[in-house]
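What's in final_2.csv: CSV, C-alpha atoms and all ligand atoms
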```
chain,number,residue,atom,x,y,z
A,1,MET,CA,0.0,0.0,0.0
A,2,PRO,CA,1.4,3.5,-0.8
A,3,ASP,CA,2.5,5.5,2.2
A,4,THR,CA,-0.4,7.8,3.1
A,5,LYS,CA,2.0,10.5,4.2
A,6,MET,CA,2.8,11.0,0.5
A,7,TYR,CA,-0.7,12.3,0.2
A,8,ASP,CA,-2.2,15.6,1.1
A,9,SER,CA,-4.7,14.1,3.6
A,10,SER,CA,-7.2,16.9,3.2
A,11,GLN,CA,-7.2,16.4,-0.6
A,12,ILE,CA,-7.5,12.6,-0.3
A,13,MET,CA,-10.4,12.7,2.1
A,14,ASN,CA,-12.1,15.1,-0.4
A,15,SER,CA,-11.5,12.9,-3.4
A,16,MET,CA,-12.6,9.7,-1.7
A,17,PRO,CA,-16.2,8.6,-2.6
A,18,LYS,CA,-18.4,9.0,0.5
A,19,ALA,CA,-21.9,8.3,1.6
A,20,GLU,CA,-23.8,10.8,3.8
A,21,LEU,CA,-26.5,9.2,5.9
A,22,HIS,CA,-27.3,11.9,8.4
A,23,ALA,CA,-27.9,15.4,7.0
A,24,HIS,CA,-30.7,17.7,8.0
A,25,LEU,CA,-31.7,19.9,5.0
A,26,ASN,CA,-32.1,23.1,6.9
A,27,GLY,CA,-29.0,22.6,9.0
A,28,SER,CA,-26.9,21.9,5.9
A,29,LEU,CA,-27.4,25.3,4.2
A,30,SER,CA,-24.1,27.0,3.4
A,31,LEU,CA,-23.7,30.8,3.9
A,32,LEU,CA,-23.8,31.1,0.2
A,33,THR,CA,-27.2,29.6,0.1
A,34,ILE,CA,-28.3,31.6,3.1
A,35,ARG,CA,-27.3,34.8,1.3
A,36,LYS,CA,-29.2,33.7,-1.8
A,37,LEU,CA,-32.3,33.1,0.3
A,38,ILE,CA,-32.0,36.4,2.1
A,39,ASP,CA,-31.8,38.1,-1.4
A,40,LEU,CA,-34.9,36.2,-2.3
A,41,LYS,CA,-36.7,37.6,0.7
A,42,SER,CA,-35.4,41.1,0.1
A,43,SER,CA,-36.9,40.9,-3.4
A,44,HIS,CA,-40.2,40.2,-1.8
A,45,ASN,CA,-39.8,43.3,0.4
A,46,CYS,CA,-39.5,41.5,3.7
A,47,GLU,CA,-38.7,44.1,6.3
A,48,ASP,CA,-36.7,42.3,8.9
A,49,VAL,CA,-34.4,40.6,6.4
A,50,HIS,CA,-31.2,42.5,7.3
A,51,ASN,CA,-31.8,41.6,10.9
A,52,LEU,CA,-32.1,38.0,9.9
A,53,GLU,CA,-28.8,38.2,7.9
A,54,SER,CA,-26.8,39.4,10.8
A,55,ILE,CA,-28.3,36.9,13.2
A,56,ILE,CA,-27.7,33.9,10.9
A,57,THR,CA,-24.1,34.9,10.0
A,58,LYS,CA,-23.3,35.4,13.7
A,59,LEU,CA,-24.9,32.1,14.7
A,60,CYS,CA,-23.3,30.0,11.9
A,61,ASP,CA,-19.9,31.5,12.3
A,62,GLU,CA,-19.5,31.1,16.1
A,63,LYS,CA,-19.3,27.4,15.7
A,64,HIS,CA,-17.6,26.7,19.0
A,65,ASN,CA,-20.0,28.6,21.1
A,66,LYS,CA,-23.3,26.8,21.1
A,67,THR,CA,-25.2,24.5,23.3
A,68,LEU,CA,-27.6,22.0,21.8
A,69,ASP,CA,-30.5,24.2,22.9
A,70,GLU,CA,-29.0,27.2,21.1
A,71,CYS,CA,-28.7,25.1,18.0
A,72,PHE,CA,-32.5,24.5,18.0
A,73,GLU,CA,-32.9,28.3,18.2
A,74,VAL,CA,-30.6,28.6,15.1
A,75,PHE,CA,-32.9,26.2,13.2
A,76,LYS,CA,-35.9,28.3,14.0
A,77,ILE,CA,-34.2,31.3,12.4
A,78,ILE,CA,-33.1,29.4,9.3
A,79,HIS,CA,-36.7,28.1,8.9
A,80,GLN,CA,-37.8,31.7,8.4
A,81,LEU,CA,-35.7,31.7,5.2
A,82,THR,CA,-37.1,28.4,3.8
A,83,ASP,CA,-40.7,29.2,4.1
A,84,SER,CA,-41.8,29.1,0.4
A,85,GLU,CA,-41.8,26.5,-2.4
A,86,LYS,CA,-39.1,28.4,-4.2
A,87,SER,CA,-36.7,28.8,-1.2
A,88,ILE,CA,-37.0,25.1,-0.3
A,89,TYR,CA,-36.3,24.1,-3.9
A,90,ILE,CA,-33.2,26.4,-4.0
A,91,ALA,CA,-32.0,25.1,-0.6
A,92,THR,CA,-32.3,21.5,-1.7
A,93,VAL,CA,-30.6,21.9,-5.0
A,94,ASP,CA,-27.7,23.8,-3.4
A,95,VAL,CA,-27.2,21.2,-0.6
A,96,ILE,CA,-27.2,18.3,-3.1
A,97,LYS,CA,-24.7,20.0,-5.4
A,98,GLU,CA,-22.4,21.0,-2.5
A,99,PHE,CA,-22.3,17.4,-1.3
A,100,ALA,CA,-21.6,16.2,-4.9
A,101,GLU,CA,-18.8,18.7,-5.2
A,102,GLU,CA,-16.9,17.0,-2.3
A,103,ASN,CA,-17.4,13.6,-3.8
A,104,VAL,CA,-20.3,12.4,-1.7
A,105,ARG,CA,-21.8,9.9,-4.1
A,106,TYR,CA,-24.8,8.8,-2.0
A,107,LEU,CA,-26.8,11.2,0.1
A,108,GLU,CA,-29.7,10.5,2.4
A,109,LEU,CA,-31.2,13.9,3.1
A,110,ARG,CA,-33.7,14.3,5.9
A,111,THR,CA,-36.1,17.1,6.5
A,112,THR,CA,-39.1,18.0,8.7
A,113,PRO,CA,-42.0,19.1,6.4
A,114,ARG,CA,-43.6,22.4,7.4
A,115,ALA,CA,-46.9,23.7,6.0
A,116,ILE,CA,-46.5,26.0,3.1
A,117,ASP,CA,-49.8,27.8,2.4
A,118,GLY,CA,-51.4,25.3,4.7
A,119,SER,CA,-49.9,22.2,2.9
A,120,LEU,CA,-47.2,19.8,4.0
A,121,ASP,CA,-47.3,18.3,0.5
A,122,THR,CA,-46.1,21.6,-1.1
A,123,TYR,CA,-42.9,21.5,1.1
A,124,VAL,CA,-42.1,17.9,0.3
A,125,ASP,CA,-43.0,18.3,-3.4
A,126,ALA,CA,-40.5,21.1,-3.7
A,127,VAL,CA,-37.8,18.9,-2.1
A,128,ILE,CA,-38.6,16.0,-4.4
A,129,ARG,CA,-38.7,18.2,-7.5
A,130,ALA,CA,-35.2,19.5,-6.6
A,131,ILE,CA,-34.0,15.9,-6.2
A,132,ASP,CA,-35.5,14.9,-9.6
A,133,ASP,CA,-34.0,17.9,-11.3
A,134,CYS,CA,-30.6,17.1,-10.0
A,135,ARG,CA,-31.0,13.6,-11.3
A,136,LYS,CA,-32.1,15.0,-14.7
A,137,GLU,CA,-29.1,17.3,-14.7
A,138,LYS,CA,-26.9,14.2,-14.0
A,139,VAL,CA,-25.4,15.6,-10.8
A,140,PRO,CA,-23.1,12.7,-9.9
A,141,ILE,CA,-24.8,11.7,-6.6
A,142,LEU,CA,-27.7,9.3,-5.7
A,143,VAL,CA,-30.1,11.1,-3.4
A,144,LYS,CA,-32.8,9.6,-1.2
A,145,LEU,CA,-35.2,11.3,1.2
A,146,LEU,CA,-36.2,10.6,4.8
A,147,LEU,CA,-39.0,12.7,6.2
A,148,SER,CA,-38.4,13.8,9.8
A,149,ILE,CA,-40.7,14.2,12.7
A,150,ASP,CA,-39.6,16.8,15.2
A,151,ARG,CA,-40.3,15.5,18.7
A,152,SER,CA,-40.9,18.9,20.1
A,153,ARG,CA,-43.9,19.5,17.8
A,154,GLY,CA,-46.3,16.9,19.1
A,155,VAL,CA,-48.0,13.7,17.9
A,156,GLU,CA,-50.7,15.3,15.9
A,157,ILE,CA,-48.4,16.9,13.2
A,158,ALA,CA,-46.2,13.8,13.4
A,159,LYS,CA,-49.1,11.6,12.4
A,160,LYS,CA,-49.6,13.7,9.3
A,161,ILE,CA,-45.9,13.4,8.4
A,162,VAL,CA,-46.0,9.6,9.0
A,163,ASP,CA,-49.1,9.3,6.7
A,164,LEU,CA,-47.3,11.4,4.0
A,165,THR,CA,-44.2,9.2,4.4
A,166,ILE,CA,-46.2,6.1,3.9
A,167,SER,CA,-48.0,7.4,0.9
A,168,LEU,CA,-44.8,8.8,-0.8
A,169,GLY,CA,-43.0,5.6,0.2
A,170,HIS,CA,-45.3,3.9,-2.3
A,171,ALA,CA,-45.8,6.6,-4.9
A,172,ARG,CA,-42.2,7.8,-5.0
A,173,LYS,CA,-40.3,4.8,-3.6
A,174,ASP,CA,-37.4,5.6,-5.8
A,175,VAL,CA,-36.8,8.7,-3.5
A,176,VAL,CA,-38.7,8.5,-0.2
A,177,ILE,CA,-37.3,5.6,1.8
A,178,GLY,CA,-38.5,6.2,5.4
A,179,LEU,CA,-38.6,8.3,8.5
A,180,ASP,CA,-36.2,10.0,10.9
A,181,VAL,CA,-37.1,11.0,14.5
A,182,SER,CA,-35.2,14.2,15.5
A,183,GLY,CA,-35.7,17.5,17.3
A,184,ASN,CA,-35.0,18.5,20.9
A,185,MET,CA,-34.8,15.3,23.0
A,186,ALA,CA,-35.2,17.3,26.2
A,187,GLN,CA,-38.6,18.4,25.3
A,188,SER,CA,-40.7,15.3,24.8
A,189,ASN,CA,-41.3,11.7,25.6
A,190,VAL,CA,-40.3,9.6,22.6
A,191,THR,CA,-42.6,6.7,23.5
A,192,ASP,CA,-45.6,8.9,22.7
A,193,TYR,CA,-44.4,8.5,19.1
A,194,PHE,CA,-44.0,4.7,19.1
A,195,PRO,CA,-47.4,3.7,17.7
A,196,LEU,CA,-46.5,5.9,14.7
A,197,LEU,CA,-43.0,4.4,14.4
A,198,HIS,CA,-44.6,0.9,14.3
A,199,LYS,CA,-46.8,2.1,11.4
A,200,ILE,CA,-43.6,3.0,9.5
A,201,LYS,CA,-42.1,-0.4,10.1
A,202,GLU,CA,-45.3,-2.2,9.2
A,203,ALA,CA,-45.4,-0.3,5.9
A,204,GLY,CA,-41.9,-1.7,5.1
A,205,LEU,CA,-40.2,1.6,5.3
A,206,LYS,CA,-36.9,2.4,7.1
A,207,LEU,CA,-36.6,4.1,10.4
A,208,THR,CA,-33.8,6.0,12.1
A,209,VAL,CA,-34.1,7.6,15.5
A,210,HIS,CA,-31.9,10.2,17.2
A,211,THR,CA,-30.8,8.3,20.3
A,212,ALA,CA,-28.8,9.2,23.4
A,213,GLU,CA,-27.7,12.5,22.0
A,214,ILE,CA,-28.2,13.6,25.6
A,215,ARG,CA,-28.3,11.2,28.5
A,216,ASN,CA,-31.6,9.4,29.1
A,217,ASP,CA,-30.9,5.7,29.7
A,218,ALA,CA,-34.6,4.7,30.0
A,219,GLU,CA,-35.5,6.3,26.7
A,220,THR,CA,-32.4,4.9,25.0
A,221,GLU,CA,-33.3,1.4,26.1
A,222,ALA,CA,-36.9,1.8,24.8
A,223,ILE,CA,-35.6,3.0,21.4
A,224,LEU,CA,-33.0,0.2,21.1
A,225,ARG,CA,-35.7,-2.4,22.0
A,226,LEU,CA,-37.9,-0.9,19.2
A,227,LYS,CA,-35.0,-2.0,16.8
A,228,PRO,CA,-34.8,0.9,14.4
A,229,ASP,CA,-32.8,0.3,11.2
A,230,ARG,CA,-30.3,2.9,12.3
A,231,ILE,CA,-29.8,5.3,15.2
A,232,GLY,CA,-28.3,8.8,15.2
A,233,HIS,CA,-25.5,9.8,17.6
A,234,GLY,CA,-25.7,7.1,20.3
A,235,THR,CA,-23.4,9.3,22.4
A,236,PHE,CA,-24.4,8.3,25.9
A,237,ILE,CA,-24.5,4.6,25.0
A,238,SER,CA,-20.7,4.8,25.1
A,239,PRO,CA,-19.3,3.6,28.5
A,240,SER,CA,-16.6,6.3,28.2
A,241,LEU,CA,-19.3,8.9,28.5
A,242,ILE,CA,-20.9,7.3,31.6
A,243,GLY,CA,-23.2,5.2,29.4
A,244,SER,CA,-24.2,1.9,30.8
A,245,PRO,CA,-22.6,-1.4,29.6
A,246,HIS,CA,-26.1,-2.8,29.4
A,247,LEU,CA,-27.1,-0.3,26.7
A,248,LEU,CA,-23.9,-0.9,24.7
A,249,GLY,CA,-24.7,-4.7,24.9
A,250,LEU,CA,-28.2,-4.0,23.6
A,251,LEU,CA,-26.9,-2.0,20.7
A,252,LYS,CA,-24.4,-4.7,19.8
A,253,GLU,CA,-26.9,-7.5,20.2
A,254,ASN,CA,-29.3,-5.8,17.8
A,255,ASN,CA,-26.4,-4.8,15.4
A,256,ILE,CA,-27.9,-1.4,14.8
A,257,PRO,CA,-25.6,0.9,12.7
A,258,VAL,CA,-25.0,4.3,14.3
A,259,GLU,CA,-24.7,7.7,12.4
A,260,LEU,CA,-21.8,9.5,14.0
A,261,CYS,CA,-21.5,13.3,13.8
A,262,LEU,CA,-18.2,14.3,15.4
A,263,THR,CA,-18.2,18.1,15.0
A,264,SER,CA,-21.8,18.3,15.9
A,265,ASN,CA,-21.2,16.6,19.2
A,266,ILE,CA,-18.1,18.7,20.0
A,267,VAL,CA,-19.9,22.0,19.1
A,268,CYS,CA,-22.9,21.0,21.2
A,269,LYS,CA,-20.6,20.0,24.0
A,270,THR,CA,-22.0,16.5,24.4
A,271,VAL,CA,-18.5,15.1,23.8
A,272,PRO,CA,-15.6,17.0,25.4
A,273,ARG,CA,-12.9,16.5,22.8
A,274,TYR,CA,-12.5,14.8,19.4
A,275,GLN,CA,-10.2,12.2,21.0
A,276,ASP,CA,-13.0,11.3,23.4
A,277,HIS,CA,-15.4,10.7,20.6
A,278,HIS,CA,-17.3,7.3,20.8
A,279,LEU,CA,-16.3,6.5,17.2
A,280,LYS,CA,-13.2,4.8,18.5
A,281,ILE,CA,-15.1,3.0,21.3
A,282,PHE,CA,-17.8,1.8,18.9
A,283,LEU,CA,-15.0,0.6,16.5
A,284,ASP,CA,-13.3,-1.3,19.2
A,285,HIS,CA,-16.6,-3.0,20.1
A,286,GLY,CA,-17.5,-3.9,16.6
A,287,ILE,CA,-20.5,-1.6,16.4
A,288,PRO,CA,-21.3,-0.6,12.8
A,289,PHE,CA,-21.1,3.1,12.2
A,290,SER,CA,-21.1,5.7,9.5
A,291,ILE,CA,-19.4,9.1,9.7
A,292,CYS,CA,-21.8,12.0,8.9
A,293,THR,CA,-22.2,15.8,9.1
A,294,ASP,CA,-25.6,16.3,10.9
A,295,ASP,CA,-25.8,20.0,9.9
A,296,LYS,CA,-22.8,21.0,7.8
A,297,GLY,CA,-24.0,24.7,7.6
A,298,VAL,CA,-24.7,25.3,11.3
A,299,PHE,CA,-21.5,23.5,12.3
A,300,SER,CA,-19.3,24.9,9.4
A,301,THR,CA,-18.1,21.5,8.3
A,302,SER,CA,-18.3,19.1,5.3
A,303,LEU,CA,-18.3,15.3,5.1
A,304,SER,CA,-14.6,15.4,3.8
A,305,GLN,CA,-13.8,17.5,6.9
A,306,GLU,CA,-15.4,15.0,9.2
A,307,TYR,CA,-13.4,12.1,7.6
A,308,LEU,CA,-10.3,14.2,7.9
A,309,ILE,CA,-10.9,14.9,11.6
A,310,ALA,CA,-11.4,11.1,12.3
A,311,PHE,CA,-8.3,10.3,10.2
A,312,ARG,CA,-6.1,12.8,12.1
A,313,THR,CA,-7.6,12.3,15.6
A,314,PHE,CA,-7.2,8.6,15.7
A,315,ASN,CA,-4.3,8.1,13.3
A,316,PHE,CA,-6.2,5.8,11.1
A,317,THR,CA,-4.7,4.6,7.8
A,318,LEU,CA,-6.0,5.6,4.5
A,319,SER,CA,-7.2,2.0,4.0
A,320,SER,CA,-9.2,2.2,7.3
A,321,MET,CA,-10.8,5.5,6.2
A,322,TRP,CA,-11.7,3.9,2.8
A,323,SER,CA,-13.3,0.9,4.6
A,324,PHE,CA,-15.4,3.2,6.9
A,325,SER,CA,-16.7,4.9,3.9
A,326,ARG,CA,-17.2,1.6,2.0
A,327,LYS,CA,-19.0,0.0,4.9
A,328,SER,CA,-21.4,3.0,5.1
A,329,LEU,CA,-22.9,1.7,1.9
A,330,ASP,CA,-24.0,-1.4,3.7
A,331,TYR,CA,-26.0,0.7,6.2
A,332,THR,CA,-27.7,2.8,3.6
A,333,PHE,CA,-31.4,2.5,2.8
A,334,ALA,CA,-30.7,2.1,-1.0
A,335,THR,CA,-31.8,-0.9,-2.9
A,336,GLU,CA,-29.4,-3.9,-3.3
A,337,ASN,CA,-29.1,-3.0,-7.0
A,338,GLU,CA,-28.2,0.6,-6.2
A,339,LYS,CA,-25.7,-0.5,-3.6
A,340,GLU,CA,-24.0,-2.8,-6.1
A,341,GLN,CA,-23.7,0.1,-8.6
A,342,LEU,CA,-22.2,2.4,-5.9
A,343,LYS,CA,-19.8,-0.3,-4.7
A,344,LYS,CA,-18.2,-0.1,-8.2
A,345,ILE,CA,-17.4,3.6,-7.7
A,346,TRP,CA,-15.8,2.8,-4.3
A,347,LYS,CA,-13.8,-0.2,-5.8
A,348,GLU,CA,-12.5,1.9,-8.6
A,349,TRP,CA,-11.2,4.6,-6.2
A,350,GLU,CA,-9.6,2.0,-4.0
A,351,HIS,CA,-7.9,0.4,-7.0
A,352,GLU,CA,-6.4,3.8,-7.9
A,353,ASN,CA,-5.6,5.3,-4.5
A,354,VAL,CA,-5.3,2.8,-1.6
B,401,LIG,C1,-31.8,16.6,16.9
B,401,LIG,C2,-31.7,17.9,15.0
B,401,LIG,C3,-30.3,18.1,15.2
B,401,LIG,O1,-35.7,19.2,9.3
B,401,LIG,O2,-35.8,21.6,9.1
B,401,LIG,N1,-32.1,18.6,13.9
B,401,LIG,N2,-32.4,17.2,15.9
B,401,LIG,N3,-30.4,16.8,17.2
B,401,LIG,C4,-29.7,17.6,16.3
B,401,LIG,N4,-28.4,17.7,16.6
B,401,LIG,C5,-27.7,18.9,16.5
B,401,LIG,N5,-29.9,18.9,14.1
B,401,LIG,C6,-31.0,19.1,13.4
B,401,LIG,O3,-33.6,20.6,9.6
B,401,LIG,C7,-33.5,21.2,10.9
B,401,LIG,C8,-34.2,20.3,11.9
B,401,LIG,O4,-33.5,19.1,12.1
B,401,LIG,C9,-33.5,18.7,13.4
B,401,LIG,C10,-34.3,19.7,14.2
B,401,LIG,O5,-35.6,19.3,14.3
B,401,LIG,C11,-34.1,20.9,13.3
B,401,LIG,O6,-35.2,21.9,13.5
B,401,LIG,P1,-35.0,20.4,8.8
B,401,LIG,O7,-34.6,20.3,7.4
```
Now that the file is in, can you turn its structure into structure tokens?
Amino acid sequence: MPDTKMYDSSQIMNSMPKAELHAHLNGSLSLLTIRKLIDLKSSHNCEDVHNLESIITKLCDEKHNKTLDECFEVFKIIHQLTDSEKSIYIATVDVIKEFAEENVRYLELRTTPRAIDGSLDTYVDAVIRAIDDCRKEKVPILVKLLLSIDRSRGVEIAKKIVDLTISLGHARKDVVIGLDVSGNMAQSNVTDYFPLLHKIKEAGLKLTVHTAEIRNDAETEAILRLKPDRIGHGTFISPSLIGSPHLLGLLKENNIPVELCLTSNIVCKTVPRYQDHHLKIFLDHGIPFSICTDDKGVFSTSLSQEYLIAFRTFNFTLSSMWSFSRKSLDYTFATENEKEQLKKIWKEWEHENV
């Protein structure tokens, strides 16, 4: 194997094909897109737009100065910019193209539908239209969509989103593959949503749930026993972060892949330092994981950057980094045929670079 030190590690992490499995649409907006959306609002004579610009720039720039609760406040501000069919379309196209530019070849985008002119469908249709148009334009990335329910918004709206997911999971099964449960964990009881999550499973759709992003052992156990197809974060399952060995055992027993978001956890202060990140502990325990961004805009990162951080923090070899990226494909919600096609891209890169 060539000596990895001969490479510019930043360049090589960028050129490596990658799969992004945990990206919230509205958290992924770059400052460039945010400026575009502010201009769009200005052209519609929105008065408080300049106020918005300064708030968003400040919040997105001060990446090392946020708690998880403050992040949820940032999302509320960003949502004011993606409040029309046109702005949602622009946001989605931009996010897809930005991921493609850094050689993300497979993207599972997730977003929480909000009513536009009273309709959740309008929101989701705009996202799907953007995905379809990127396909038509042959942007080199396969994009799938998970609809999210925000735990802080209550069961009533969640029910509508679950029904929409099930209907689109049939009508547009080439794009809509399942459901994500996200939002502020501190503000709700996740078991209230379980009957809806069972409906998703019964419909044959995929399910991923934010789990143990903050510590709540009883809730974590309930989610793991529900056996979602993947979980997000899993931070306080790790024994190094005072998680219980019992929870780690349950995660391992059920072989549930975990979407890991390093910078997100550092910025939100749920993990003290990169070297303490549970990626290494999960690796040592044979827990399947995928490196992800969470909210690349809000946390000023990219998937290449997250791979680079893992590479440097834990002194992994290039071959290990490639295998993390390659294994992510196994945890995607793509069809077997799509996975086979994607594996060819990964193999080709390995042949030339590793
Ligand atoms: C939990 C998060 C999150 O859906 O409007 N979201 N939920 N933990 C996190 N860790 C930092 N980051 C983002 O994207 C923004 C929404 O995604 C969820 C929140 O519900 C946030 O409002 P969408 O596209």
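Using only C-alpha atoms and all ligand atoms, the shortest contact distance between ligand LIG 401 (chain B) and any of A:Ser167, A:Ser152, A:Ser304, A:Gln275 is found at A:Ser152.
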Output the neighbourhood of ligand LIG 401 (chain B) as a CSV table (one decimal) with C-alpha atoms, in the coordinates of the input, that is, all protein and nucleic acid residues with some atom at most 6 Å from the ligand, counting all atoms listed in the file.
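This is the output file selection.csv:
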```csv
chain,number,residue,atom,x,y,z
A,24,HIS,CA,-30.7,17.7,8.0
A,25,LEU,CA,-31.7,19.9,5.0
A,26,ASN,CA,-32.1,23.1,6.9
A,27,GLY,CA,-29.0,22.6,9.0
A,72,PHE,CA,-32.5,24.5,18.0
A,75,PHE,CA,-32.9,26.2,13.2
A,111,THR,CA,-36.1,17.1,6.5
A,112,THR,CA,-39.1,18.0,8.7
A,150,ASP,CA,-39.6,16.8,15.2
A,182,SER,CA,-35.2,14.2,15.5
A,183,GLY,CA,-35.7,17.5,17.3
A,184,ASN,CA,-35.0,18.5,20.9
A,264,SER,CA,-21.8,18.3,15.9
A,294,ASP,CA,-25.6,16.3,10.9
A,295,ASP,CA,-25.8,20.0,9.9
```
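Closest approach to Val104 in chain A from the set A:Glu350, A:Asp229, A:Asp217, A:Glu20 is made by A:Glu20, with distances taken over all atoms listed in the file.
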If you take all atoms listed in the file and a cut-off of 12 Å, which residues of range 105-224 of chain A touch range 307-330 of chain A, and what are their nearest atom pairs and distances in Å to one decimal, in chain and number order, as a tab-separated table?
```
residue	atom	partner	partner_atom	distance
A:Arg105	CA	A:Leu329	CA	10.2
A:Tyr106	CA	A:Leu329	CA	8.3
A:Leu107	CA	A:Leu329	CA	10.4
A:Glu108	CA	A:Leu329	CA	11.1
A:Leu142	CA	A:Leu329	CA	11.8
```
Using only C-alpha atoms for the distances, tell me which of A:Tyr274, A:Tyr331, A:Gln187, A:Gln305 is nearest to Pro288 in chain A.
A:Tyr331
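Going from CA of Cys268 in chain A to CA of Leu197 in chain A covers 26.9 Å.
For the set A:Ile34, A:Leu224, A:Leu262, A:Leu283, the residue with the smallest atom-to-atom gap to Ser302 in chain A is A:Leu262, counting all atoms listed in the file.
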Residues within 10 Å of Leu279 in chain A, all atoms listed in the file, excluding chain neighbours under 5 positions, as a PyMOL selection string
chain A and resi 233-235+238+258-262+274+284-285+287-291+310+314
Please list as a PDB file with C-alpha atoms, in the frame of the given file every residue within 10 Å of range 86-96 of chain A, counting only C-alpha atoms and excluding residues in the same chain fewer than 5 positions away.
```pdb
ATOM      1  CA  ALA A  23     -27.900  15.400   7.000  1.00  0.00           C
ATOM      2  CA  HIS A  24     -30.700  17.700   8.000  1.00  0.00           C
ATOM      3  CA  LEU A  25     -31.700  19.900   5.000  1.00  0.00           C
ATOM      4  CA  ASN A  26     -32.100  23.100   6.900  1.00  0.00           C
ATOM      5  CA  GLY A  27     -29.000  22.600   9.000  1.00  0.00           C
ATOM      6  CA  SER A  28     -26.900  21.900   5.900  1.00  0.00           C
ATOM      7  CA  LEU A  29     -27.400  25.300   4.200  1.00  0.00           C
ATOM      8  CA  SER A  30     -24.100  27.000   3.400  1.00  0.00           C
ATOM      9  CA  LEU A  32     -23.800  31.100   0.200  1.00  0.00           C
ATOM     10  CA  THR A  33     -27.200  29.600   0.100  1.00  0.00           C
ATOM     11  CA  ILE A  34     -28.300  31.600   3.100  1.00  0.00           C
ATOM     12  CA  LYS A  36     -29.200  33.700  -1.800  1.00  0.00           C
ATOM     13  CA  LEU A  37     -32.300  33.100   0.300  1.00  0.00           C
ATOM     14  CA  ILE A  38     -32.000  36.400   2.100  1.00  0.00           C
ATOM     15  CA  LEU A  40     -34.900  36.200  -2.300  1.00  0.00           C
ATOM     16  CA  LYS A  41     -36.700  37.600   0.700  1.00  0.00           C
ATOM     17  CA  HIS A  79     -36.700  28.100   8.900  1.00  0.00           C
ATOM     18  CA  LEU A  81     -35.700  31.700   5.200  1.00  0.00           C
ATOM     19  CA  GLU A 101     -18.800  18.700  -5.200  1.00  0.00           C
ATOM     20  CA  VAL A 104     -20.300  12.400  -1.700  1.00  0.00           C
ATOM     21  CA  TYR A 106     -24.800   8.800  -2.000  1.00  0.00           C
ATOM     22  CA  LEU A 107     -26.800  11.200   0.100  1.00  0.00           C
ATOM     23  CA  GLU A 108     -29.700  10.500   2.400  1.00  0.00           C
ATOM     24  CA  LEU A 109     -31.200  13.900   3.100  1.00  0.00           C
ATOM     25  CA  THR A 122     -46.100  21.600  -1.100  1.00  0.00           C
ATOM     26  CA  TYR A 123     -42.900  21.500   1.100  1.00  0.00           C
ATOM     27  CA  VAL A 124     -42.100  17.900   0.300  1.00  0.00           C
ATOM     28  CA  ASP A 125     -43.000  18.300  -3.400  1.00  0.00           C
ATOM     29  CA  ALA A 126     -40.500  21.100  -3.700  1.00  0.00           C
ATOM     30  CA  VAL A 127     -37.800  18.900  -2.100  1.00  0.00           C
ATOM     31  CA  ILE A 128     -38.600  16.000  -4.400  1.00  0.00           C
ATOM     32  CA  ARG A 129     -38.700  18.200  -7.500  1.00  0.00           C
ATOM     33  CA  ALA A 130     -35.200  19.500  -6.600  1.00  0.00           C
ATOM     34  CA  ILE A 131     -34.000  15.900  -6.200  1.00  0.00           C
ATOM     35  CA  ASP A 132     -35.500  14.900  -9.600  1.00  0.00           C
ATOM     36  CA  ASP A 133     -34.000  17.900 -11.300  1.00  0.00           C
ATOM     37  CA  CYS A 134     -30.600  17.100 -10.000  1.00  0.00           C
ATOM     38  CA  VAL A 139     -25.400  15.600 -10.800  1.00  0.00           C
ATOM     39  CA  PRO A 140     -23.100  12.700  -9.900  1.00  0.00           C
ATOM     40  CA  ILE A 141     -24.800  11.700  -6.600  1.00  0.00           C
ATOM     41  CA  LEU A 142     -27.700   9.300  -5.700  1.00  0.00           C
ATOM     42  CA  VAL A 143     -30.100  11.100  -3.400  1.00  0.00           C
ATOM     43  CA  LYS A 296     -22.800  21.000   7.800  1.00  0.00           C
ATOM     44  CA  GLY A 297     -24.000  24.700   7.600  1.00  0.00           C
TER      45      GLY A 297
END
```
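Here the question is which of A:Trp346, A:Phe299, A:Phe194, A:Tyr7 gets nearest to Pro228 in chain A using all atoms listed in the file, and that residue is A:Phe194.
Between CA of Pro113 in chain A and CA of Asp83 in chain A there is a distance of 10.4 Å.
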Calculate, to one decimal in Å, the centre and edge lengths of the box along x, y and z of the file that holds all listed atoms of range 255-274 of chain A with 3 Å of margin on each side, and present them as lines of an AutoDock Vina configuration file.
```
center_x = -20.2
center_y = 8.6
center_z = 18.9
size_x = 21.4
size_y = 32.8
size_z = 19.0
```
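Each of A:Ile116, A:Arg172, A:Phe99, A:Leu68 was compared to Ser84 in chain A using only C-alpha atoms, and A:Ile116 turns out to be the nearest.
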